[in-house]
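Pasting my_file-v3.txt here (compact mmCIF, C-alpha atoms):
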# COMPACT_ATOMS: atom_id res chain seq x y z
CA MET K 656 -40.84 15.46 -13.47
CA ALA K 657 -38.69 18.54 -12.83
CA ARG K 658 -35.99 19.24 -15.36
CA ARG K 659 -32.47 18.97 -14.00
CA LYS K 660 -30.73 22.32 -13.63
CA ILE K 661 -27.57 22.87 -15.67
CA THR K 662 -24.72 24.36 -13.68
CA LEU K 663 -21.25 25.57 -14.58
CA TYR K 664 -18.67 25.89 -11.78
CA GLY K 665 -21.51 25.73 -9.27
CA LYS K 666 -23.60 28.44 -10.93
CA LYS K 667 -26.76 28.16 -13.01
CA ALA K 668 -25.92 28.04 -16.71
CA SER K 669 -27.52 27.45 -20.09
CA GLN K 670 -26.50 24.86 -22.67
CA ASP K 671 -24.87 27.63 -24.70
CA ASP K 672 -22.77 28.61 -21.67
CA ILE K 673 -21.54 25.02 -21.36
CA LEU K 674 -20.78 24.79 -25.08
CA GLU K 675 -18.87 28.07 -25.01
CA GLU K 676 -16.79 26.97 -22.01
CA ILE K 677 -15.96 23.60 -23.56
CA HIS K 678 -14.92 25.35 -26.77
CA ARG K 679 -12.63 27.68 -24.78
CA LEU K 680 -11.06 24.77 -22.92
CA LEU K 681 -10.56 22.73 -26.11
CA TYR K 682 -8.82 25.61 -27.87
CA ALA K 683 -7.04 27.14 -24.85
CA LYS K 684 -8.99 30.38 -25.12
CA GLY K 685 -9.81 30.48 -21.41
CA ASN K 686 -7.54 30.78 -18.39
CA ARG K 687 -5.74 27.53 -19.24
CA PRO K 688 -2.43 27.98 -21.11
CA TYR K 689 -2.93 24.83 -23.17
CA PRO K 690 -5.82 22.82 -24.68
CA LEU K 691 -7.57 20.28 -22.46
CA LYS K 692 -8.61 16.82 -23.56
CA PRO K 693 -12.23 15.67 -23.10
CA PRO K 694 -11.47 13.62 -19.93
CA GLU K 695 -9.73 16.65 -18.40
CA ILE K 696 -12.66 18.88 -19.34
CA ALA K 697 -15.08 16.42 -17.75
CA LYS K 698 -13.09 16.56 -14.51
CA ALA K 699 -12.75 20.35 -14.61
CA LEU K 700 -16.48 20.92 -15.16
CA GLY K 701 -17.68 18.07 -12.95
CA ILE K 702 -19.68 16.36 -15.67
CA ALA K 703 -19.58 12.91 -17.27
CA ARG K 704 -17.06 12.26 -20.02
CA GLN K 705 -19.86 11.15 -22.36
CA SER K 706 -21.60 14.48 -21.78
CA VAL K 707 -18.48 16.29 -22.95
CA TYR K 708 -18.44 14.23 -26.15
CA ASN K 709 -22.15 15.00 -26.67
CA TYR K 710 -21.40 18.71 -26.37
CA ILE K 711 -18.48 18.34 -28.82
CA LYS K 712 -20.91 16.70 -31.25
CA LEU K 713 -23.18 19.74 -30.93
CA LEU K 714 -20.22 22.05 -31.59
CA SER K 715 -19.53 20.04 -34.76
CA GLN K 716 -23.13 20.36 -35.90
CA ARG K 717 -22.87 24.11 -35.42
CA GLY K 718 -19.74 24.18 -37.57
CA GLU K 719 -17.45 25.18 -34.70
CA MET K 720 -15.47 21.94 -34.91
CA VAL K 721 -14.29 19.68 -37.74
CA ARG K 722 -15.46 16.07 -37.94
CA LEU K 723 -13.24 13.73 -39.94
CA ARG K 724 -14.48 11.08 -42.39
CA SER K 725 -13.64 8.42 -39.83
CA GLY K 726 -16.27 9.93 -37.56
CA HIS K 727 -13.69 11.21 -35.09
CA PHE K 728 -13.54 14.86 -34.16
CA PHE K 729 -10.45 16.88 -34.93
CA LEU K 730 -9.28 17.99 -31.51
CA PRO K 731 -6.44 20.46 -31.05
CA LYS K 732 -3.16 19.09 -29.76
CA SER K 733 -0.79 20.64 -27.31
CA LYS K 734 2.95 20.16 -27.02
CA ASP K 735 2.28 19.56 -23.34
CA GLN K 736 0.46 16.36 -24.30
CA GLU K 737 3.57 14.97 -26.01
CA PHE K 738 5.76 12.74 -23.87
CA ARG K 739 8.43 14.46 -21.85
CA GLU K 740 10.27 12.59 -19.13
CA PHE K 741 9.18 13.40 -15.61
CA ASN K 742 11.98 14.41 -13.25
CA LYS K 743 12.81 17.00 -10.59
CA HIS K 744 12.72 19.74 -13.24
CA HIS K 745 9.47 18.46 -14.75
CA SER K 746 7.41 17.06 -11.90
CA ILE K 747 4.65 14.61 -12.69
CA THR K 748 2.37 16.61 -10.39
CA SER K 749 2.53 19.47 -12.90
CA ASP K 750 0.24 17.37 -15.10
CA PRO K 751 -3.36 18.48 -14.38
CA LEU K 752 -4.70 14.92 -14.44
CA VAL K 753 -2.13 13.79 -11.90
CA SER K 754 -2.56 16.91 -9.78
CA GLU K 755 -6.30 16.25 -9.39
CA TRP K 756 -5.65 12.58 -8.60
CA MET K 757 -3.08 13.53 -5.98
CA ASP K 758 -5.51 15.96 -4.36
CA ASP K 759 -7.98 13.08 -4.09
CA MET K 760 -5.39 10.75 -2.52
CA LEU K 761 -4.43 13.44 0.02
CA THR K 762 -8.01 13.72 1.25
CA ARG K 763 -9.54 10.32 0.45
CA LYS K 764 -9.68 8.91 3.98
CA GLN K 765 -12.21 11.27 5.55
CA GLY K 766 -10.03 14.26 4.78
CA MET K 767 -6.77 12.47 5.54
CA PRO K 768 -4.20 11.18 3.02
CA LEU K 769 -3.70 7.60 1.91
CA LYS K 770 -0.62 6.15 3.59
CA SER K 771 0.67 4.92 0.24
CA TRP K 772 0.03 8.07 -1.83
CA ARG K 773 3.75 8.74 -2.42
CA ASN K 774 4.36 5.19 -3.60
CA ARG K 775 1.40 5.38 -5.98
CA LEU K 776 2.60 8.68 -7.40
CA ARG K 777 6.12 7.28 -7.84
CA SER K 778 4.74 4.15 -9.49
CA LEU K 779 2.77 6.18 -12.03
CA GLU K 780 5.87 8.23 -12.82
CA ILE K 781 7.95 5.06 -13.38
CA VAL K 782 5.33 3.62 -15.75
CA CYS K 783 5.10 6.86 -17.77
CA ASN K 784 8.88 7.31 -18.04
CA THR K 785 9.53 3.66 -18.85
CA CYS K 786 6.84 3.37 -21.52
CA LYS K 787 7.27 6.98 -22.73
CA VAL K 788 3.59 7.82 -22.32
CA THR K 789 1.73 10.73 -20.74
CA PRO K 790 -0.78 10.29 -17.89
CA TYR K 791 -3.48 11.16 -20.41
CA ASP K 792 -2.54 8.09 -22.49
CA LEU K 793 -3.53 5.93 -19.52
CA THR K 794 -7.04 7.41 -19.40
CA ILE K 795 -8.09 6.84 -23.00
CA SER K 796 -9.48 3.32 -22.56
CA ALA K 797 -9.01 0.20 -20.46
CA LYS K 798 -7.71 -1.65 -23.52
CA LYS K 799 -4.99 0.94 -24.22
CA THR K 800 -3.98 1.04 -20.55
CA GLU K 801 -3.59 -2.75 -20.47
CA LYS K 802 -1.41 -2.55 -23.59
CA ILE K 803 0.81 0.04 -21.90
CA MET K 804 1.12 -2.10 -18.78
CA ARG K 805 2.05 -5.16 -20.85
CA THR K 806 4.79 -3.04 -22.41
CA PHE K 807 5.95 -2.04 -18.92
CA ALA K 808 6.04 -5.71 -17.88
CA LYS K 809 8.31 -6.48 -20.84
CA HIS K 810 10.63 -3.60 -19.90
CA PHE K 811 10.75 -4.97 -16.35
CA GLN K 812 11.61 -8.45 -17.61
CA ASN K 813 14.41 -6.96 -19.71
CA GLY K 814 15.72 -4.94 -16.77
CA ASP K 815 15.32 -1.53 -18.40
CA VAL K 816 12.76 0.13 -16.14
CA VAL K 817 13.36 3.88 -15.84
CA CYS K 818 13.69 4.57 -12.13
CA SER K 819 12.03 7.48 -10.37
CA ASN K 820 13.97 10.14 -8.50
CA ARG K 821 11.25 10.08 -5.87
CA GLY K 822 12.41 6.99 -4.01
CA CYS K 823 13.66 3.43 -4.14
CA LYS K 824 14.72 1.71 -7.33
CA PRO K 825 12.89 -1.44 -8.43
CA THR K 826 14.07 -4.32 -6.28
CA GLY K 827 13.79 -6.97 -8.96
CA LYS K 828 10.96 -8.67 -7.09
CA ASN K 829 8.12 -10.01 -9.18
CA THR K 830 5.71 -7.83 -7.17
CA THR K 831 7.07 -4.72 -8.95
CA VAL K 832 4.70 -4.99 -11.92
CA TYR K 833 1.82 -5.78 -9.55
CA HIS K 834 2.38 -2.61 -7.48
CA LYS K 835 2.72 -0.43 -10.58
CA ALA K 836 -0.49 -1.91 -12.00
CA GLN K 837 -2.36 -1.15 -8.76
CA ALA K 838 -1.22 2.48 -8.87
CA VAL K 839 -2.32 2.77 -12.50
CA ARG K 840 -5.67 1.16 -11.64
CA ASP K 841 -6.20 3.72 -8.90
CA PHE K 842 -5.30 6.60 -11.23
CA CYS K 843 -7.60 5.30 -13.97
CA SER K 844 -10.52 4.64 -11.61
CA PHE K 845 -10.39 8.33 -10.63
CA TYR K 846 -11.20 9.02 -14.27
CA ASP K 847 -13.93 6.36 -14.45
CA ILE K 848 -11.89 3.63 -16.15
CA THR K 849 -12.24 0.47 -14.10
CA TRP K 850 -11.66 -3.27 -14.30
CA ARG K 851 -14.04 -5.90 -12.99
CA LYS K 852 -13.21 -7.74 -9.81
CA GLY K 853 -11.26 -10.93 -10.41
CA VAL K 854 -9.84 -9.85 -13.78
CA SER K 855 -6.74 -11.78 -14.78
CA GLY K 856 -3.65 -10.63 -16.63
CA VAL K 857 -1.41 -7.65 -16.02
CA MET K 858 -4.20 -5.63 -14.35
CA SER K 859 -5.05 -8.38 -11.86
CA GLN K 860 -5.40 -7.45 -8.19
CA LYS K 861 -4.31 -10.88 -7.04
CA VAL K 862 -1.17 -10.49 -4.93
CA PRO K 863 1.71 -12.56 -6.36
CA HIS K 864 2.63 -15.54 -4.18
CA HIS K 865 -0.15 -14.69 -1.72
CA GLY K 866 0.01 -17.33 1.01
CA LYS K 867 3.42 -18.64 -0.10
CA TYR K 868 4.93 -17.99 3.34
CA ALA K 869 2.07 -19.29 5.49
CA ASP K 870 4.27 -22.12 6.75
CA ILE K 871 7.06 -19.97 8.23
CA ARG K 872 7.48 -20.99 11.88
CA PHE K 873 10.08 -21.72 14.55
CA THR K 874 10.36 -24.75 16.77
CA GLN K 875 10.69 -24.13 20.50
CA GLU K 876 14.39 -24.99 20.21
CA GLU K 877 14.83 -22.27 17.56
CA PHE K 878 13.05 -19.72 19.74
CA ASP K 879 15.35 -20.67 22.64
CA ALA K 880 18.43 -20.37 20.40
CA ALA K 881 17.29 -16.93 19.16
CA ASP K 882 16.67 -15.79 22.74
CA LYS K 883 20.15 -16.92 23.80
CA PHE K 884 21.84 -15.26 20.79
CA ILE K 885 20.13 -11.90 21.44
CA LYS K 886 20.97 -11.92 25.17
CA GLU K 887 24.61 -12.77 24.54
CA LYS K 888 25.13 -10.19 21.78
CA TRP K 889 22.88 -7.27 22.81
CA GLY K 890 21.47 -8.14 26.23
CA LEU K 891 17.98 -8.51 27.67
CA ASP K 892 17.66 -4.73 28.08
CA SER K 893 18.05 -3.93 24.38
CA ASP K 894 15.75 -2.63 21.66
CA VAL K 895 16.29 -5.73 19.54
CA TYR K 896 15.29 -8.04 22.42
CA ARG K 897 12.06 -6.14 22.99
CA TRP K 898 11.45 -5.81 19.23
CA PHE K 899 11.90 -9.53 18.65
CA TRP K 900 9.75 -10.82 21.50
CA VAL K 901 7.06 -8.12 21.55
CA GLY K 902 6.94 -8.53 17.77
CA ILE K 903 6.38 -12.28 18.18
CA GLU K 904 3.71 -12.05 20.88
CA SER K 905 1.92 -9.01 19.42
CA CYS K 906 2.14 -10.06 15.74
CA ALA K 907 2.10 -6.31 15.06
CA ARG K 908 3.18 -4.82 11.75
CA PHE K 909 6.28 -2.62 11.63
CA GLY K 910 4.57 0.77 11.92
CA ALA K 911 2.35 -0.35 14.79
CA LEU K 912 5.29 -1.89 16.64
CA TYR K 913 7.48 1.18 16.15
CA ASN K 914 4.81 3.45 17.66
CA MET K 915 3.70 1.00 20.38
CA LYS K 916 3.47 2.66 23.79
CA ASN K 917 5.45 1.14 26.66
CA ASP K 918 2.38 0.98 28.83
CA TRP K 919 0.37 -1.96 30.08
CA THR K 920 -2.24 -3.31 32.46
CA GLU K 921 -1.22 -6.33 34.51
CA LEU K 922 -3.61 -9.26 34.60
CA LYS K 923 -3.32 -12.42 36.73
CA THR K 924 -4.35 -15.74 35.21
CA LYS K 925 -5.98 -18.62 37.10
CA HIS K 926 -2.50 -20.17 37.33
CA ASP K 927 -1.22 -16.95 38.99
CA ASP K 928 0.84 -16.00 35.90
CA THR K 929 1.18 -12.32 35.03
CA ILE K 930 0.06 -11.07 31.61
CA PHE K 931 0.81 -7.59 30.28
CA LEU K 932 -2.16 -6.25 28.32
CA MET K 933 -0.82 -3.72 25.82
CA SER K 934 -2.38 -2.05 22.79
CA VAL K 935 -1.31 -1.00 19.30
CA ILE K 936 -2.89 0.95 16.47
CA GLU K 937 -2.75 -0.84 13.12
CA SER K 938 -3.28 1.73 10.37
CA LYS K 939 -4.04 -1.06 7.89
CA THR K 940 -7.18 -2.02 9.83
CA GLU K 941 -8.17 1.40 11.13
CA ASN K 942 -11.67 0.87 9.73
CA ILE K 943 -12.12 -1.78 12.47
CA ARG K 944 -12.32 -0.28 15.98
CA GLY K 945 -10.07 2.53 14.85
CA GLY K 946 -7.28 0.01 14.27
CA LYS K 947 -6.83 -0.66 18.01
CA TRP K 948 -5.87 -4.19 19.06
CA ILE K 949 -5.13 -5.61 22.51
CA LYS K 950 -1.85 -7.54 22.77
CA TYR K 951 -0.87 -10.18 25.32
CA ILE K 952 2.75 -10.19 26.52
CA THR K 953 3.23 -13.38 28.51
CA ARG K 954 7.00 -14.03 28.66
CA GLU K 955 8.62 -13.09 31.96
CA ASP K 956 11.91 -11.94 30.36
CA THR K 957 10.06 -9.73 27.88
CA GLN K 958 8.16 -8.17 30.78
CA LYS K 959 11.44 -7.57 32.64
CA SER K 960 12.90 -5.85 29.57
CA LEU K 961 9.85 -3.58 29.26
CA LYS K 962 10.01 -2.70 32.98
CA LEU K 963 13.69 -1.76 32.73
CA LEU K 964 12.83 0.54 29.85
CA LYS K 965 9.94 2.08 31.76
CA ASP K 966 12.24 2.79 34.72
CA ARG K 967 14.10 5.14 32.34
CA ASN K 968 10.80 6.88 31.50
CA CYS K 969 10.74 5.68 27.89
CA ASP K 970 7.21 5.93 26.54
CA ARG K 971 7.70 3.54 23.59
CA ILE K 972 8.94 -0.05 23.48
CA VAL K 973 12.15 1.09 21.78
CA GLU K 974 14.66 3.50 23.28
CA SER K 975 16.24 4.50 19.97
CA SER K 976 15.71 8.09 18.86
CA LEU K 977 16.28 7.23 15.18
CA ALA K 978 13.62 8.23 12.68
CA GLU K 979 11.38 5.36 11.57
CA HIS K 980 13.15 4.69 8.25
CA ALA K 981 16.62 4.76 9.89
CA PHE K 982 15.50 2.58 12.77
CA LYS K 983 14.03 0.11 10.30
CA LYS K 984 17.41 -0.35 8.62
CA THR K 985 19.14 -0.87 11.98
CA ILE K 986 16.65 -3.29 13.49
CA ASN K 987 16.29 -5.26 10.27
CA ARG K 988 20.06 -5.68 10.07
CA GLN K 989 20.05 -7.08 13.63
CA LEU K 990 17.15 -9.42 12.89
CA VAL K 991 18.97 -10.75 9.82
CA GLU K 992 21.95 -11.54 12.09
CA ILE K 993 19.64 -13.55 14.35
CA PHE K 994 18.07 -15.46 11.46
CA GLN K 995 21.42 -16.20 9.85
CA ASP K 996 22.76 -17.53 13.15
CA LEU K 997 19.82 -19.95 13.08
CA GLY K 998 20.60 -20.93 9.48
CA LYS K 999 17.60 -19.07 8.07
CA ASN K 1000 19.09 -17.75 4.83
CA GLU K 1001 15.96 -17.85 2.67
CA THR K 1002 15.22 -14.63 0.78
CA TYR K 1003 12.09 -13.80 2.78
CA PHE K 1004 14.01 -13.86 6.09
CA LEU K 1005 16.68 -11.57 4.65
CA THR K 1006 14.43 -9.07 2.85
CA ARG K 1007 11.39 -8.88 5.18
CA PRO K 1008 12.90 -9.60 8.62
CA SER K 1009 10.48 -7.50 10.68
CA HIS K 1010 7.43 -8.90 8.88
CA VAL K 1011 8.75 -12.42 9.47
CA LEU K 1012 8.01 -11.82 13.17
CA ARG K 1013 4.31 -11.56 12.33
CA HIS K 1014 4.49 -14.96 10.61
CA LEU K 1015 6.42 -16.51 13.50
CA GLY K 1016 3.98 -14.97 15.97
CA ALA K 1017 1.01 -16.52 14.20
CA HIS K 1018 2.39 -20.06 14.64
CA TYR K 1019 3.71 -19.22 18.13
CA TRP K 1020 0.15 -18.56 19.31
CA LEU K 1021 -1.60 -21.15 17.13
CA SER K 1022 0.61 -23.91 18.51
CA LYS K 1023 -0.35 -22.87 22.05
CA THR K 1024 -4.09 -23.00 21.29
CA ASN K 1025 -4.31 -26.19 19.23
CA TYR K 1026 -4.66 -24.03 16.08
CA ASN K 1027 -7.69 -22.08 17.24
CA TYR K 1028 -7.84 -19.64 14.33
CA GLY K 1029 -10.75 -17.63 15.73
CA ILE K 1030 -8.97 -16.71 18.96
CA ILE K 1031 -5.59 -16.05 17.36
CA ALA K 1032 -7.09 -13.83 14.65
CA GLU K 1033 -8.15 -11.58 17.55
CA VAL K 1034 -4.85 -11.93 19.44
CA GLY K 1035 -2.68 -11.19 16.39
CA GLY K 1036 -4.81 -8.54 14.73
CA TRP K 1037 -6.15 -10.31 11.64
CA HIS K 1038 -9.57 -9.01 10.71
CA THR K 1039 -10.55 -12.29 9.06
CA ILE K 1040 -9.81 -15.91 9.96
CA ASP K 1041 -9.39 -16.64 6.25
CA GLU K 1042 -6.47 -14.19 5.95
CA LEU K 1043 -4.75 -15.73 8.98
CA LYS K 1044 -5.16 -19.23 7.55
CA LYS K 1045 -4.13 -18.49 3.97
CA SER K 1046 -1.21 -16.14 4.54
CA TYR K 1047 0.23 -16.85 7.99
CA GLY K 1048 -1.01 -19.95 9.74
CA GLN K 1049 -0.85 -23.01 7.52
CA ILE K 1050 -1.45 -25.97 9.81
CA PRO K 1051 1.69 -28.18 9.99
CA PRO K 1052 1.53 -31.77 8.63
CA GLU K 1053 2.36 -33.25 12.03
CA LYS K 1054 -0.58 -31.40 13.57
CA VAL K 1055 -2.89 -32.77 10.88
CA LEU K 1056 -1.67 -36.28 11.61
CA GLU K 1057 -2.14 -35.75 15.34
CA ILE K 1058 -5.77 -34.80 14.76
CA ILE K 1059 -6.73 -37.49 12.24
CA GLN K 1060 -5.00 -40.42 13.91
As structure tokens, please, write out the structure in this file.
Amino acid sequence: MARRKITLYGKKASQDDILEEIHRLLYAKGNRPYPLKPPEIAKALGIARQSVYNYIKLLSQRGEMVRLRSGHFFLPKSKDQEFREFNKHHSITSDPLVSEWMDDMLTRKQGMPLKSWRNRLRSLEIVCNTCKVTPYDLTISAKKTEKIMRTFAKHFQNGDVVCSNRGCKPTGKNTTVYHKAQAVRDFCSFYDITWRKGVSGVMSQKVPHHGKYADIRFTQEEFDAADKFIKEKWGLDSDVYRWFWVGIESCARFGALYNMKNDWTELKTKHDDTIFLMSVIESKTENIRGGKWIKYITREDTQKSLKLLKDRNCDRIVESSLAEHAFKKTINRQLVEIFQDLGKNETYFLTRPSHVLRHLGAHYWLSKTNYNYGIIAEVGGWHTIDELKKSYGQIPPEKVLEIIQ
């Protein structure tokens, strides 16, 4: 069996070359201005962390490093490894471990960035600043990382989370700890620290309250009341009218709906009704058919509204020229007005108004098809029937009774 070649920075090297380079990196004698820790060296050289420790052991045997009575090696420390709050003057991306992780997130999806890379970076910064730890502290062991995250959870419960200057402050929702834990998990997995699937506790991947809102639906009377309210306040030819009804019938997520093209193919049914076949791209399911889903716009008034917009040569379903984040604030404020007029004052309606349309749309279609989950998963853009059932389309008690009686 051929012996594996040893390489250093892509070039053939001897064991002594590797040892010499590790020694330079440990004691900041190379190009680096500060000492690197073993995990950082492993990443820099492209070798396993255990291999780095094996080389350190060899350095100790040669007398080039000190081994303590405890069995641990005396590794040099750098002031840069001591905690210092991350802010606009001391960016978290200046940390080499974070910088490498960010480079990975920016190219992870076949050379394209993860949509949530900014949120993950901000989450890591919040955890480090709140718990007064460095990114390196999170890569020592799974056990130490869990301890840090439990500390963060306590800070969150006490309301003393240190906010990041990169974006929104914690909302107080109990998903805050979950999202921070997922960012830390992603960071740690880049450095080969992972947790088994299904693990419980603070590092769990189970979404809090998953499926809690599967019963959100409107009666036909509530849909009629919403339709009347929108027409009277904003008119049929308004962005909010199209957003509400296209959102209901397409079940599209916010980003897909915002970028939805105002273009369609007309199809006649056997009852001579006209259906607009439209399409959206859902970035969340882009691994399935490139994220493209066909949508069925059946309401005559919604079709009229889209035609009026097309007569003005608008290529999207909204006429507003606001940037996505500004438009989101405006349209959500209008949706909240609609829901409040209907007496829907529950927190979910007020904090996730655009996403509520996806929930309402699920039941809108399911009620029309006798709760045919297979068909509606395709219509609404759910890649699994199970997800539609658990999170959006809980069958109503009266429908159960209708079936079993």
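Residues in contact with His1018 in chain K at up to 8 Å, not including ones fewer than 2 positions away on its chain and judged by all atoms listed in the file, are Ile871, Arg872, Phe873, His1014, Leu1015, Gly1016, Trp1020, Leu1021, Ser1022, Tyr1047 and Gly1048 of chain K.
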Restricting the calculation to all atoms listed in the file, which member of K:Ala978, K:Val935, K:Leu680, K:Val1055 is positioned closest to Ala699 in chain K?
K:Leu680
Taking a cut-off of 10 Å and counting only C-alpha atoms, can you build a table that, for each residue of range 934-981 of chain K near range 876-900 of chain K, reports the nearest atom pair and how far apart they are in Å (one decimal), sorted by chain then residue number, as a tab-separated table?
residue	atom	partner	partner_atom	distance
K:Ile952	CA	K:Trp900	CA	8.6
K:Thr953	CA	K:Trp900	CA	9.9
K:Arg954	CA	K:Trp900	CA	8.3
K:Asp956	CA	K:Leu891	CA	7.5
K:Thr957	CA	K:Arg897	CA	6.4
K:Gln958	CA	K:Arg897	CA	8.9
K:Lys959	CA	K:Asp892	CA	8.2
K:Ser960	CA	K:Asp892	CA	5.1
K:Leu961	CA	K:Arg897	CA	7.1
K:Lys962	CA	K:Asp892	CA	9.3
K:Leu963	CA	K:Asp892	CA	6.8
K:Leu964	CA	K:Asp892	CA	7.4
K:Ile972	CA	K:Arg897	CA	6.9
K:Val973	CA	K:Asp894	CA	5.2
K:Glu974	CA	K:Asp894	CA	6.4
K:Ser975	CA	K:Asp894	CA	7.3
Can those selected residues be exported to a file as a PDB file, keeping the file's coordinate frame so that it contains C-alpha atoms?
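Output saved as out.pdb:
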ATOM      1  CA  ILE K 952       2.750 -10.190  26.520  1.00  0.00           C
ATOM      2  CA  THR K 953       3.230 -13.380  28.510  1.00  0.00           C
ATOM      3  CA  ARG K 954       7.000 -14.030  28.660  1.00  0.00           C
ATOM      4  CA  ASP K 956      11.910 -11.940  30.360  1.00  0.00           C
ATOM      5  CA  THR K 957      10.060  -9.730  27.880  1.00  0.00           C
ATOM      6  CA  GLN K 958       8.160  -8.170  30.780  1.00  0.00           C
ATOM      7  CA  LYS K 959      11.440  -7.570  32.640  1.00  0.00           C
ATOM      8  CA  SER K 960      12.900  -5.850  29.570  1.00  0.00           C
ATOM      9  CA  LEU K 961       9.850  -3.580  29.260  1.00  0.00           C
ATOM     10  CA  LYS K 962      10.010  -2.700  32.980  1.00  0.00           C
ATOM     11  CA  LEU K 963      13.690  -1.760  32.730  1.00  0.00           C
ATOM     12  CA  LEU K 964      12.830   0.540  29.850  1.00  0.00           C
ATOM     13  CA  ILE K 972       8.940  -0.050  23.480  1.00  0.00           C
ATOM     14  CA  VAL K 973      12.150   1.090  21.780  1.00  0.00           C
ATOM     15  CA  GLU K 974      14.660   3.500  23.280  1.00  0.00           C
ATOM     16  CA  SER K 975      16.240   4.500  19.970  1.00  0.00           C
TER      17      SER K 975
END
Quote the spacing between CA of Lys861 in chain K and CA of Leu776 in chain K in Å to one decimal place.
20.7 Å
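With all atoms listed in the file taken into account, the protein and nucleic acid residues at most 12 Å from Lys923 in chain K (excluding it and anything under 5 positions from it in its own chain) are Asp928, Thr929, Ile930, Phe931, Leu932, Tyr951 and Thr953 of chain K.
Between Arg773 in chain K and the candidates K:Met760, K:Ala697, K:Ile702, K:Val788, the tightest atom-to-atom separation, counting all atoms listed in the file, involves K:Met760.
Proximity of K:Met767, K:Ser706, K:Ser796, K:Phe842 to Val753 in chain K, computed with all atoms listed in the file, is greatest for K:Phe842.
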Go ahead and compute the interatomic distance for CA of Arg908 in chain K and CA of His1010 in chain K, in Å to one decimal.
6.6 Å
Contact residues around Leu1043 in chain K with only C-alpha atoms at 12 Å, ignoring same-chain residues under 2 positions, as a PyMOL selection string:
chain K and resi 865-866+868-870+906+1013-1014+1016-1018+1020-1021+1026-1041+1045-1050
CA of Gly946 in chain K to CA of Pro1008 in chain K, distance in Å rounded to a single decimal
23.1 Å
List as number ranges by chain the protein and nucleic acid residues near Gly701 in chain K, meaning an atom at most 12 Å away when only C-alpha atoms are counted, but skip any in the same chain fewer than 4 places from it.
K: 661-665, 673, 693-697, 705-707, 846
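Counting all atoms listed in the file and comparing K:Thr800, K:Gln765, K:Asn917, K:Asn813, the residue that lies closest to Asn942 in chain K is K:Gln765.
For the choices K:Lys852, K:Val857, K:Lys835, K:His810, the atom-to-atom distance to Arg777 in chain K is smallest for K:Lys835 when using all atoms listed in the file.
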Please list as a list in words every residue within 10 Å of Ala836 in chain K, counting only C-alpha atoms and excluding residues in the same chain fewer than 5 positions away.
Arg775, Ser778, Leu779, Val782, Thr800, Glu801, Met804, Arg805, Phe807, Ala808, Thr830, Thr831, Asp841, Phe842, Val857, Met858, Ser859 and Gln860 of chain K
Kindly export the residues of the current selection with C-alpha atoms, as a PDB file, in the frame of the given file.
ATOM      1  CA  ARG K 775       1.400   5.380  -5.980  1.00  0.00           C
ATOM      2  CA  SER K 778       4.740   4.150  -9.490  1.00  0.00           C
ATOM      3  CA  LEU K 779       2.770   6.180 -12.030  1.00  0.00           C
ATOM      4  CA  VAL K 782       5.330   3.620 -15.750  1.00  0.00           C
ATOM      5  CA  THR K 800      -3.980   1.040 -20.550  1.00  0.00           C
ATOM      6  CA  GLU K 801      -3.590  -2.750 -20.470  1.00  0.00           C
ATOM      7  CA  MET K 804       1.120  -2.100 -18.780  1.00  0.00           C
ATOM      8  CA  ARG K 805       2.050  -5.160 -20.850  1.00  0.00           C
ATOM      9  CA  PHE K 807       5.950  -2.040 -18.920  1.00  0.00           C
ATOM     10  CA  ALA K 808       6.040  -5.710 -17.880  1.00  0.00           C
ATOM     11  CA  THR K 830       5.710  -7.830  -7.170  1.00  0.00           C
ATOM     12  CA  THR K 831       7.070  -4.720  -8.950  1.00  0.00           C
ATOM     13  CA  ASP K 841      -6.200   3.720  -8.900  1.00  0.00           C
ATOM     14  CA  PHE K 842      -5.300   6.600 -11.230  1.00  0.00           C
ATOM     15  CA  VAL K 857      -1.410  -7.650 -16.020  1.00  0.00           C
ATOM     16  CA  MET K 858      -4.200  -5.630 -14.350  1.00  0.00           C
ATOM     17  CA  SER K 859      -5.050  -8.380 -11.860  1.00  0.00           C
ATOM     18  CA  GLN K 860      -5.400  -7.450  -8.190  1.00  0.00           C
TER      19      GLN K 860
END
